[in-house]
$ cat target-v8.csv   # CSV, C-alpha atoms
chain,number,residue,atom,x,y,z
A,4,MET,CA,-17.6,39.8,5.0
A,5,HIS,CA,-15.1,36.9,5.1
A,6,THR,CA,-14.2,35.4,1.7
A,7,GLN,CA,-12.5,32.1,1.3
A,8,PRO,CA,-9.1,32.5,-0.4
A,9,HIS,CA,-8.7,31.1,-3.9
A,10,THR,CA,-6.3,28.4,-4.8
A,11,PRO,CA,-3.2,29.9,-6.5
A,12,SER,CA,-3.1,29.5,-10.2
A,13,ARG,CA,0.4,28.0,-10.0
A,14,ARG,CA,-0.9,25.2,-7.7
A,15,LEU,CA,-3.8,24.6,-10.1
A,16,LEU,CA,-1.4,24.2,-13.0
A,17,GLY,CA,0.7,21.9,-11.0
A,18,LEU,CA,-2.3,19.8,-10.0
A,19,GLY,CA,-3.5,19.6,-13.6
A,20,ALA,CA,0.0,18.6,-14.8
A,21,GLY,CA,0.3,15.9,-12.2
A,22,LEU,CA,-3.1,14.4,-12.9
A,23,ALA,CA,-2.3,14.5,-16.6
A,24,ALA,CA,0.9,12.6,-15.9
A,25,VAL,CA,-1.0,10.0,-13.9
A,26,LEU,CA,-3.5,9.6,-16.7
A,27,THR,CA,-0.8,9.2,-19.3
A,28,MET,CA,0.9,6.5,-17.2
A,29,LEU,CA,-2.4,4.6,-17.0
A,30,ALA,CA,-3.0,4.9,-20.7
A,31,LEU,CA,0.6,3.7,-21.5
A,32,ALA,CA,0.4,0.8,-19.0
A,33,PHE,CA,-2.9,-0.6,-20.3
A,34,LEU,CA,-2.5,0.2,-24.0
A,35,TRP,CA,1.2,-0.6,-24.5
A,36,PRO,CA,0.7,-4.4,-24.7
A,37,ALA,CA,-2.0,-4.0,-27.4
A,38,VAL,CA,0.2,-1.7,-29.5
A,39,THR,CA,3.3,-3.8,-29.3
A,40,SER,CA,1.9,-7.3,-29.3
A,41,GLU,CA,2.5,-9.3,-32.5
A,42,PRO,CA,3.2,-13.0,-33.3
A,43,ARG,CA,6.8,-13.7,-32.5
A,44,ASP,CA,8.6,-17.0,-31.9
A,45,LEU,CA,5.4,-18.9,-31.1
A,46,PRO,CA,6.4,-22.6,-30.6
A,47,VAL,CA,4.7,-24.7,-33.2
A,48,ALA,CA,5.4,-28.4,-34.0
A,49,VAL,CA,5.9,-29.7,-37.5
A,50,ALA,CA,5.6,-33.5,-37.7
A,51,GLY,CA,6.8,-35.7,-40.5
A,52,PRO,CA,9.8,-37.0,-42.4
A,53,PRO,CA,12.9,-34.7,-41.9
A,54,ALA,CA,13.0,-34.3,-45.7
A,55,ALA,CA,9.6,-32.7,-45.6
A,56,VAL,CA,9.8,-30.8,-42.3
A,57,ALA,CA,12.8,-28.6,-43.3
A,58,PRO,CA,11.3,-27.2,-46.5
A,59,PHE,CA,8.0,-26.6,-44.8
A,60,ALA,CA,9.7,-24.8,-41.9
A,61,GLN,CA,11.5,-22.6,-44.4
A,62,ALA,CA,8.2,-21.9,-46.3
A,63,LEU,CA,6.5,-21.0,-43.0
A,64,GLN,CA,9.3,-18.6,-42.1
A,65,GLU,CA,9.0,-16.9,-45.5
A,66,ARG,CA,5.2,-16.7,-45.1
A,67,ALA,CA,5.3,-15.2,-41.6
A,68,PRO,CA,8.8,-14.0,-40.8
A,69,GLY,CA,9.7,-14.4,-37.1
A,70,ALA,CA,6.1,-15.4,-36.1
A,71,PHE,CA,6.7,-19.1,-35.4
A,72,ASP,CA,9.5,-21.2,-33.7
A,73,VAL,CA,9.3,-24.6,-35.4
A,74,VAL,CA,9.8,-27.6,-33.2
A,75,ALA,CA,10.4,-30.8,-35.1
A,76,ALA,CA,8.3,-33.9,-34.1
A,77,GLN,CA,8.6,-37.4,-35.3
A,78,ASP,CA,4.9,-38.1,-35.9
A,79,ARG,CA,1.4,-37.0,-35.0
A,80,SER,CA,1.5,-38.8,-31.6
A,81,SER,CA,4.6,-36.8,-30.7
A,82,ALA,CA,3.0,-33.6,-31.8
A,83,VAL,CA,-0.1,-34.3,-29.8
A,84,ASP,CA,2.1,-34.9,-26.7
A,85,LEU,CA,3.9,-31.6,-27.2
A,86,ILE,CA,0.5,-29.7,-27.4
A,87,GLU,CA,-0.9,-31.4,-24.3
A,88,THR,CA,2.1,-30.6,-22.3
A,89,ARG,CA,2.1,-27.0,-23.4
A,90,GLU,CA,5.4,-27.2,-25.2
A,91,VAL,CA,3.8,-25.9,-28.4
A,92,TYR,CA,0.6,-24.0,-29.3
A,93,GLY,CA,-0.3,-26.3,-32.2
A,94,ALA,CA,1.2,-28.5,-34.9
A,95,VAL,CA,1.3,-29.2,-38.6
A,96,VAL,CA,1.4,-32.9,-39.6
A,97,LEU,CA,3.0,-33.7,-42.9
A,98,GLY,CA,3.1,-37.0,-44.8
A,99,VAL,CA,0.5,-39.3,-46.2
A,100,GLN,CA,-2.3,-37.9,-44.1
A,101,PRO,CA,-1.6,-34.1,-43.6
A,102,GLU,CA,-3.4,-32.4,-40.8
A,103,ILE,CA,-3.3,-29.2,-38.7
A,104,LEU,CA,-3.7,-29.6,-35.0
A,105,THR,CA,-4.8,-26.6,-32.9
A,106,ALA,CA,-5.5,-25.9,-29.2
A,107,SER,CA,-8.0,-23.1,-28.7
A,108,GLY,CA,-7.6,-23.6,-25.0
A,109,ALA,CA,-4.0,-22.5,-25.2
A,110,SER,CA,-4.7,-19.5,-27.5
A,111,PRO,CA,-7.7,-18.9,-29.8
A,112,LEU,CA,-5.5,-16.4,-31.7
A,113,VAL,CA,-2.8,-18.9,-32.5
A,114,ALA,CA,-5.4,-21.5,-33.3
A,115,GLN,CA,-6.9,-19.2,-36.0
A,116,GLN,CA,-3.4,-18.5,-37.4
A,117,LEU,CA,-2.6,-22.2,-37.7
A,118,GLY,CA,-6.0,-22.9,-39.2
A,119,ALA,CA,-5.4,-20.3,-41.9
A,120,LEU,CA,-2.5,-22.4,-43.1
A,121,ALA,CA,-4.9,-25.2,-44.3
A,122,PRO,CA,-5.6,-23.8,-47.8
A,123,ALA,CA,-1.9,-23.3,-48.6
A,124,LEU,CA,-1.1,-26.8,-47.3
A,125,GLN,CA,-4.0,-28.2,-49.2
A,126,ALA,CA,-2.8,-26.6,-52.5
A,127,GLN,CA,0.7,-28.0,-51.8
A,128,VAL,CA,-0.4,-31.6,-51.2
A,129,GLY,CA,-3.4,-31.7,-53.5
A,130,ALA,CA,-5.7,-33.2,-50.9
A,131,PRO,CA,-8.0,-31.9,-48.2
A,132,VAL,CA,-6.3,-30.9,-45.0
A,133,PRO,CA,-8.5,-31.2,-41.9
A,134,VAL,CA,-8.1,-28.8,-38.9
A,135,THR,CA,-8.5,-30.6,-35.6
A,136,ASP,CA,-8.9,-28.6,-32.3
A,137,LEU,CA,-7.4,-31.0,-29.8
A,138,VAL,CA,-8.1,-28.7,-26.8
A,139,PRO,CA,-11.3,-26.7,-27.5
A,140,LEU,CA,-12.5,-23.9,-25.2
A,141,LEU,CA,-15.0,-24.7,-22.5
A,142,GLU,CA,-18.7,-24.2,-23.2
A,143,GLY,CA,-18.8,-21.6,-20.4
A,144,ASP,CA,-16.1,-19.5,-22.0
A,145,PRO,CA,-16.5,-20.2,-25.8
A,146,ARG,CA,-14.3,-17.2,-26.8
A,147,GLY,CA,-11.8,-17.4,-24.0
A,148,ALA,CA,-12.9,-13.9,-22.8
A,149,ILE,CA,-13.4,-14.8,-19.1
A,150,LEU,CA,-10.1,-16.5,-18.6
A,151,GLY,CA,-8.4,-13.7,-20.7
A,152,ALA,CA,-9.8,-11.0,-18.3
A,153,VAL,CA,-9.3,-12.8,-15.0
A,154,THR,CA,-6.2,-11.0,-13.9
A,155,PHE,CA,-7.8,-7.6,-13.4
A,156,PRO,CA,-10.3,-8.7,-10.7
A,157,LEU,CA,-7.5,-10.6,-9.0
A,158,VAL,CA,-5.2,-7.6,-8.9
A,159,ILE,CA,-8.0,-5.3,-7.8
A,160,GLY,CA,-9.2,-7.8,-5.1
A,161,GLY,CA,-5.6,-8.3,-3.8
A,162,MET,CA,-5.0,-4.5,-3.7
A,163,ILE,CA,-8.3,-3.8,-1.9
A,164,GLY,CA,-7.7,-6.5,0.6
A,165,GLY,CA,-4.1,-5.5,1.3
A,166,ILE,CA,-4.9,-1.8,1.6
A,167,ALA,CA,-8.0,-2.3,3.7
A,168,ILE,CA,-6.2,-4.6,6.1
A,169,SER,CA,-3.3,-2.3,6.4
A,170,LEU,CA,-5.5,0.7,7.3
A,171,THR,CA,-7.9,-1.0,9.7
A,172,VAL,CA,-6.0,-3.9,11.4
A,173,VAL,CA,-3.5,-3.0,14.1
A,174,GLY,CA,-0.5,-5.3,14.7
A,175,VAL,CA,1.7,-7.0,12.1
A,176,TRP,CA,0.7,-10.6,13.0
A,177,ARG,CA,-3.0,-9.7,13.1
A,178,ARG,CA,-2.6,-8.2,9.6
A,179,VAL,CA,-0.9,-11.4,8.4
A,180,THR,CA,-3.7,-13.5,9.9
A,181,ALA,CA,-6.3,-11.3,8.3
A,182,VAL,CA,-4.7,-11.3,4.9
A,183,VAL,CA,-4.3,-15.1,4.9
A,184,ALA,CA,-8.0,-15.5,5.9
A,185,TYR,CA,-9.1,-13.0,3.3
A,186,SER,CA,-7.1,-14.8,0.6
A,187,ALA,CA,-8.5,-18.2,1.5
A,188,LEU,CA,-12.1,-17.0,1.5
A,189,GLY,CA,-11.5,-15.0,-1.7
A,190,GLY,CA,-10.1,-18.0,-3.4
A,191,LEU,CA,-13.0,-20.2,-2.6
A,192,ALA,CA,-15.5,-17.5,-3.6
A,193,VAL,CA,-13.9,-16.4,-6.9
A,194,ALA,CA,-13.2,-20.0,-8.0
A,195,GLY,CA,-16.8,-20.9,-7.2
A,196,VAL,CA,-18.0,-18.1,-9.4
A,197,LEU,CA,-15.6,-18.9,-12.3
A,198,GLN,CA,-16.0,-22.6,-12.2
A,199,GLY,CA,-19.4,-23.3,-10.6
A,200,TRP,CA,-21.4,-20.4,-11.9
A,201,PHE,CA,-19.8,-19.3,-15.2
A,202,GLY,CA,-18.3,-22.7,-16.2
A,203,ALA,CA,-15.1,-20.9,-17.3
A,204,LEU,CA,-12.8,-23.3,-15.4
A,205,ALA,CA,-12.3,-27.0,-15.4
A,206,GLY,CA,-10.3,-29.4,-13.4
A,207,SER,CA,-10.1,-29.6,-9.6
A,208,TYR,CA,-12.1,-26.9,-7.8
A,209,ALA,CA,-9.8,-27.1,-4.8
A,210,VAL,CA,-6.7,-26.5,-7.0
A,211,ASN,CA,-8.4,-23.6,-8.8
A,212,ALA,CA,-9.4,-22.1,-5.5
A,213,GLY,CA,-5.9,-22.5,-4.2
A,214,ILE,CA,-4.5,-20.7,-7.3
A,215,VAL,CA,-6.8,-17.8,-6.8
A,216,ALA,CA,-6.1,-17.7,-3.0
A,217,LEU,CA,-2.3,-17.7,-3.6
A,218,ALA,CA,-2.6,-15.0,-6.2
A,219,ILE,CA,-4.6,-12.8,-3.8
A,220,LEU,CA,-2.2,-13.5,-0.9
A,221,ALA,CA,0.8,-12.7,-3.2
A,222,ILE,CA,-0.6,-9.3,-3.9
A,223,ALA,CA,-2.3,-8.4,-0.7
A,224,GLY,CA,0.5,-9.9,1.4
A,225,VAL,CA,3.2,-7.8,-0.3
A,226,ILE,CA,1.2,-4.6,0.4
A,227,VAL,CA,0.8,-5.5,4.0
A,228,GLY,CA,4.5,-6.4,4.2
A,229,PHE,CA,5.6,-3.0,2.8
A,230,VAL,CA,3.2,-1.2,5.1
A,231,SER,CA,4.8,-3.1,8.0
A,232,VAL,CA,8.2,-1.9,7.0
A,233,VAL,CA,7.7,1.7,5.9
A,234,GLY,CA,4.3,2.6,7.2
A,235,ARG,CA,1.4,3.9,5.1
A,236,PRO,CA,3.5,5.0,2.2
A,237,GLY,CA,3.9,1.3,1.5
A,238,ILE,CA,0.3,1.3,0.3
A,239,ALA,CA,1.4,2.9,-3.0
A,240,ILE,CA,3.4,-0.3,-3.8
A,241,GLY,CA,0.2,-2.0,-4.9
A,242,PRO,CA,-1.1,0.3,-7.6
A,243,VAL,CA,2.4,0.8,-9.0
A,244,LEU,CA,3.8,-2.7,-9.0
A,245,PHE,CA,0.7,-4.8,-9.6
A,246,LEU,CA,-1.7,-2.6,-11.4
A,247,LEU,CA,0.6,-0.6,-13.7
A,248,VAL,CA,3.4,-3.1,-14.2
A,249,ALA,CA,2.3,-6.7,-13.5
A,250,ASN,CA,-1.3,-6.7,-14.9
A,251,PRO,CA,-0.5,-5.3,-18.4
A,252,ILE,CA,2.3,-7.9,-19.0
A,253,ALA,CA,0.3,-10.8,-17.5
A,254,SER,CA,-0.6,-12.0,-21.0
A,255,ALA,CA,-3.8,-13.7,-19.9
A,256,ALA,CA,-5.6,-13.1,-23.2
A,257,GLN,CA,-2.6,-13.9,-25.5
A,258,PRO,CA,0.6,-15.9,-25.6
A,259,TRP,CA,3.3,-14.2,-23.5
A,260,GLN,CA,5.7,-14.6,-26.5
A,261,MET,CA,3.8,-11.9,-28.3
A,262,LEU,CA,5.0,-9.2,-25.9
A,263,PRO,CA,8.4,-7.6,-26.6
A,264,ALA,CA,11.3,-9.4,-24.8
A,265,PRO,CA,11.8,-9.7,-21.9
A,266,TRP,CA,8.4,-8.4,-20.7
A,267,GLY,CA,6.4,-11.4,-21.6
A,268,ALA,CA,8.7,-13.7,-19.7
A,269,ILE,CA,8.8,-11.3,-16.7
A,270,GLY,CA,5.0,-11.3,-16.6
A,271,GLN,CA,4.9,-15.0,-16.0
A,272,TRP,CA,7.0,-14.5,-12.8
A,273,MET,CA,4.5,-11.9,-11.4
A,274,PRO,CA,1.3,-12.9,-9.6
A,275,PRO,CA,-1.3,-12.0,-12.3
A,276,GLY,CA,0.5,-13.7,-15.1
A,277,ALA,CA,1.4,-16.8,-13.1
A,278,ALA,CA,-2.1,-17.1,-11.8
A,279,ALA,CA,-3.7,-16.8,-15.2
A,280,ALA,CA,-1.3,-19.4,-16.7
A,281,LEU,CA,-2.0,-21.8,-13.8
A,282,LEU,CA,-5.7,-21.5,-14.2
A,283,ARG,CA,-5.4,-22.1,-17.9
A,284,ASP,CA,-3.2,-25.1,-17.4
A,285,GLU,CA,-5.4,-26.6,-14.7
A,286,SER,CA,-8.5,-26.3,-17.0
A,287,TYR,CA,-7.0,-27.3,-20.3
A,288,PHE,CA,-3.5,-28.8,-19.9
A,289,PRO,CA,-3.3,-31.0,-16.7
A,290,GLY,CA,-0.2,-32.7,-18.1
A,291,ALA,CA,1.8,-29.4,-18.4
A,292,ASP,CA,4.7,-28.7,-16.1
A,293,THR,CA,3.6,-25.8,-13.9
A,294,THR,CA,6.5,-25.8,-11.4
A,295,GLN,CA,7.7,-22.4,-12.4
A,296,LEU,CA,4.3,-20.8,-12.0
A,297,TRP,CA,3.7,-22.3,-8.6
A,298,VAL,CA,7.2,-21.1,-7.5
A,299,ALA,CA,6.4,-17.6,-8.7
A,300,LEU,CA,3.2,-17.3,-6.8
A,301,ALA,CA,4.7,-18.9,-3.6
A,302,SER,CA,7.7,-16.6,-3.8
A,303,TRP,CA,5.6,-13.4,-3.8
A,304,ALA,CA,3.5,-14.7,-1.0
A,305,LEU,CA,6.7,-15.5,1.0
A,306,LEU,CA,8.0,-12.1,0.2
A,307,GLY,CA,5.0,-10.5,1.9
A,308,LEU,CA,5.5,-12.7,5.0
A,309,VAL,CA,9.2,-11.9,5.1
A,310,LEU,CA,8.5,-8.1,4.8
A,311,ALA,CA,5.9,-8.3,7.6
A,312,THR,CA,8.4,-10.2,9.8
A,313,MET,CA,11.1,-7.6,9.1
A,314,GLY,CA,8.7,-4.8,10.0
A,315,HIS,CA,7.7,-6.5,13.2
A,316,PHE,CA,11.2,-6.9,14.5
A,317,ARG,CA,12.3,-3.6,13.2
A,318,ASN,CA,9.5,-1.8,14.9
A,319,THR,CA,9.9,-3.7,18.2
A,320,GLY,CA,11.4,-1.1,20.6
A,321,ALA,CA,12.2,1.4,17.9
A,322,ALA,CA,10.5,4.7,17.1
A,323,THR,CA,10.4,4.1,13.3
A,324,PRO,CA,7.6,5.7,11.2
A,325,ALA,CA,5.8,2.4,11.0
A,326,ALA,CA,6.0,2.0,14.8
A,327,LEU,CA,4.7,5.4,15.5
A,328,GLU,CA,1.8,4.8,13.2
A,329,GLU,CA,1.1,1.5,14.9
A,330,ALA,CA,1.1,3.3,18.3
A,331,ALA,CA,-1.2,6.0,17.0
A,332,ALA,CA,-3.6,3.6,15.6
A,333,ALA,CA,-3.6,1.6,18.8
A,334,ASP,CA,-4.4,4.8,20.8
A,335,LEU,CA,-7.3,5.5,18.5
A,336,VAL,CA,-8.7,2.0,19.0
A,337,THR,CA,-8.3,2.3,22.8
A,338,VAL,CA,-10.2,5.7,22.8
$ encode --input "target-v8.csv" --output "structure tokens"
Amino acid sequence: MHTQPHTPSRRLLGLGAGLAAVLTMLALAFLWPAVTSEPRDLPVAVAGPPAAVAPFAQALQERAPGAFDVVAAQDRSSAVDLIETREVYGAVVLGVQPEILTASGASPLVAQQLGALAPALQAQVGAPVPVTDLVPLLEGDPRGAILGAVTFPLVIGGMIGGIAISLTVVGVWRRVTAVVAYSALGGLAVAGVLQGWFGALAGSYAVNAGIVALAILAIAGVIVGFVSVVGRPGIAIGPVLFLLVANPIASAAQPWQMLPAPWGAIGQWMPPGAAAALLRDESYFPGADTTQLWVALASWALLGLVLATMGHFRNTGAATPAALEEAAAADLVTV
């Protein structure tokens, strides 16, 4: 009677330890931002006479040490302009008619924190202090939950597309064509759901679709590019770089300043963070300067194309691992 040999105990222990290490990395990647996030250096405008602004800024620092970075503004109009261009998250207007200006579209969390200052300011001035939400959240996303969670499907969609195209499409330029087509169609579809169905986005549908498409291309294209250079081991780039690193520091649901430096700023230069910030600005802050965010997405997309081009010329006439895999795949297709 033939019996199947058992797996050695040492191998079982090694497998268990390896899987536990992977699970620990996943837990750290996704829970670390929640554990370390706290209000720090959040830009907030204080408008009014200089003699009133300085003491209030000092009192605000004592009330919440390190939480706010005060930006002086001449008057209410200047404070509104700073909010609408995304220079600050809100403002406190001092003077004859004190007022607190918030922008839930920028961050519901910061809007709540600024609104909580109203009772203290009211006690100081001895008059009612209204709280005005200059940029309220859309009716389709009244809590900001949809826009705060948009990065995860973009990352998963980009990874799935990049991996599937790398495994099923033969030829570097065919892969590039496929990933560009996939990104364009994905951008139209996802933006259609978010804006046309859910009502969680505003502004130009074409621009929103372009943002989503460029984000998918930035992720999927880099995976295809690395596969073109190093072969199938390049597929691992996606989960490590975009899922474990970029997505947790994207700061889609909170201000990027709340993450420990420099991770919040780095997250805005990676595809998930840049895409989330661009979608928010297009929906709520059309007057904001988004140059850096567009450059970030375009740079990642260009990196994928450059890597694919390098892989193409490197594999031409050379028996590299990627070239051998291309040949083997072509043989299978022929058969």
$ residues_around --input "target-v8.csv" --residues "Asn211 (chain A)" --least-positions-apart "2" --cutoff "9 Å" --atoms "all atoms listed in the file" --output "ChimeraX atom specification"
/A:190-191,194-195,198,204-209,213-216,281-282,285-286
$ closest_residue --input "target-v8.csv" --among "A:Gly202, A:Pro251, A:Gly290, A:Gly224" --to "Ile238 (chain A)" --atoms "all atoms listed in the file"
A:Gly224
$ atom_distance --input "target-v8.csv" --atom1 "CA of Gly276 (chain A)" --atom2 "CA of Val83 (chain A)"
25.3 Å
$ closest_residue --input "target-v8.csv" --among "A:Leu197, A:Ala299, A:Val309, A:Ala23" --to "Asp144 (chain A)" --atoms "only C-alpha atoms"
A:Leu197
$ atom_distance --input "target-v8.csv" --atom1 "CA of Thr39 (chain A)" --atom2 "CA of Ala255 (chain A)"
15.4 Å
$ closest_residue --input "target-v8.csv" --among "A:Thr27, A:Gln127, A:Ser169, A:Ser110" --to "Gly98 (chain A)" --atoms "only C-alpha atoms"
A:Gln127
$ closest_atom_pairs --input "target-v8.csv" --of "region 178-266 of chain A" --to "region 46-62 of chain A" --cutoff "12 Å" --atoms "only C-alpha atoms" --output "tab-separated table"
residue	atom	partner	partner_atom	distance
A:Pro258	CA	A:Pro46	CA	10.2
A:Trp259	CA	A:Pro46	CA	11.4
A:Gln260	CA	A:Pro46	CA	9.0
A:Met261	CA	A:Pro46	CA	11.2
$ atom_distance --input "target-v8.csv" --atom1 "CA of Gly270 (chain A)" --atom2 "CA of Ala192 (chain A)"
25.1 Å
$ closest_residue --input "target-v8.csv" --among "A:Leu140, A:Val193, A:Val179, A:Ser107" --to "Gly160 (chain A)" --atoms "all atoms listed in the file"
A:Val193
$ closest_residue --input "target-v8.csv" --among "A:Val38, A:Val225, A:Met28, A:Ala249" --to "Gly267 (chain A)" --atoms "all atoms listed in the file"
A:Ala249
$ residues_near_point --input "target-v8.csv" --point "(-2.0, -6.7, 1.4)" --cutoff "9 Å" --atoms "all atoms listed in the file" --output "list in words"
Gly161, Met162, Ile163, Gly164, Gly165, Ile166, Ala167, Ile168, Ser169, Arg178, Val179, Val182, Ile219, Leu220, Ala221, Ile222, Ala223, Gly224, Val225, Ile226, Val227, Gly228, Phe229, Val230, Ile238, Gly241 and Gly307 of chain A
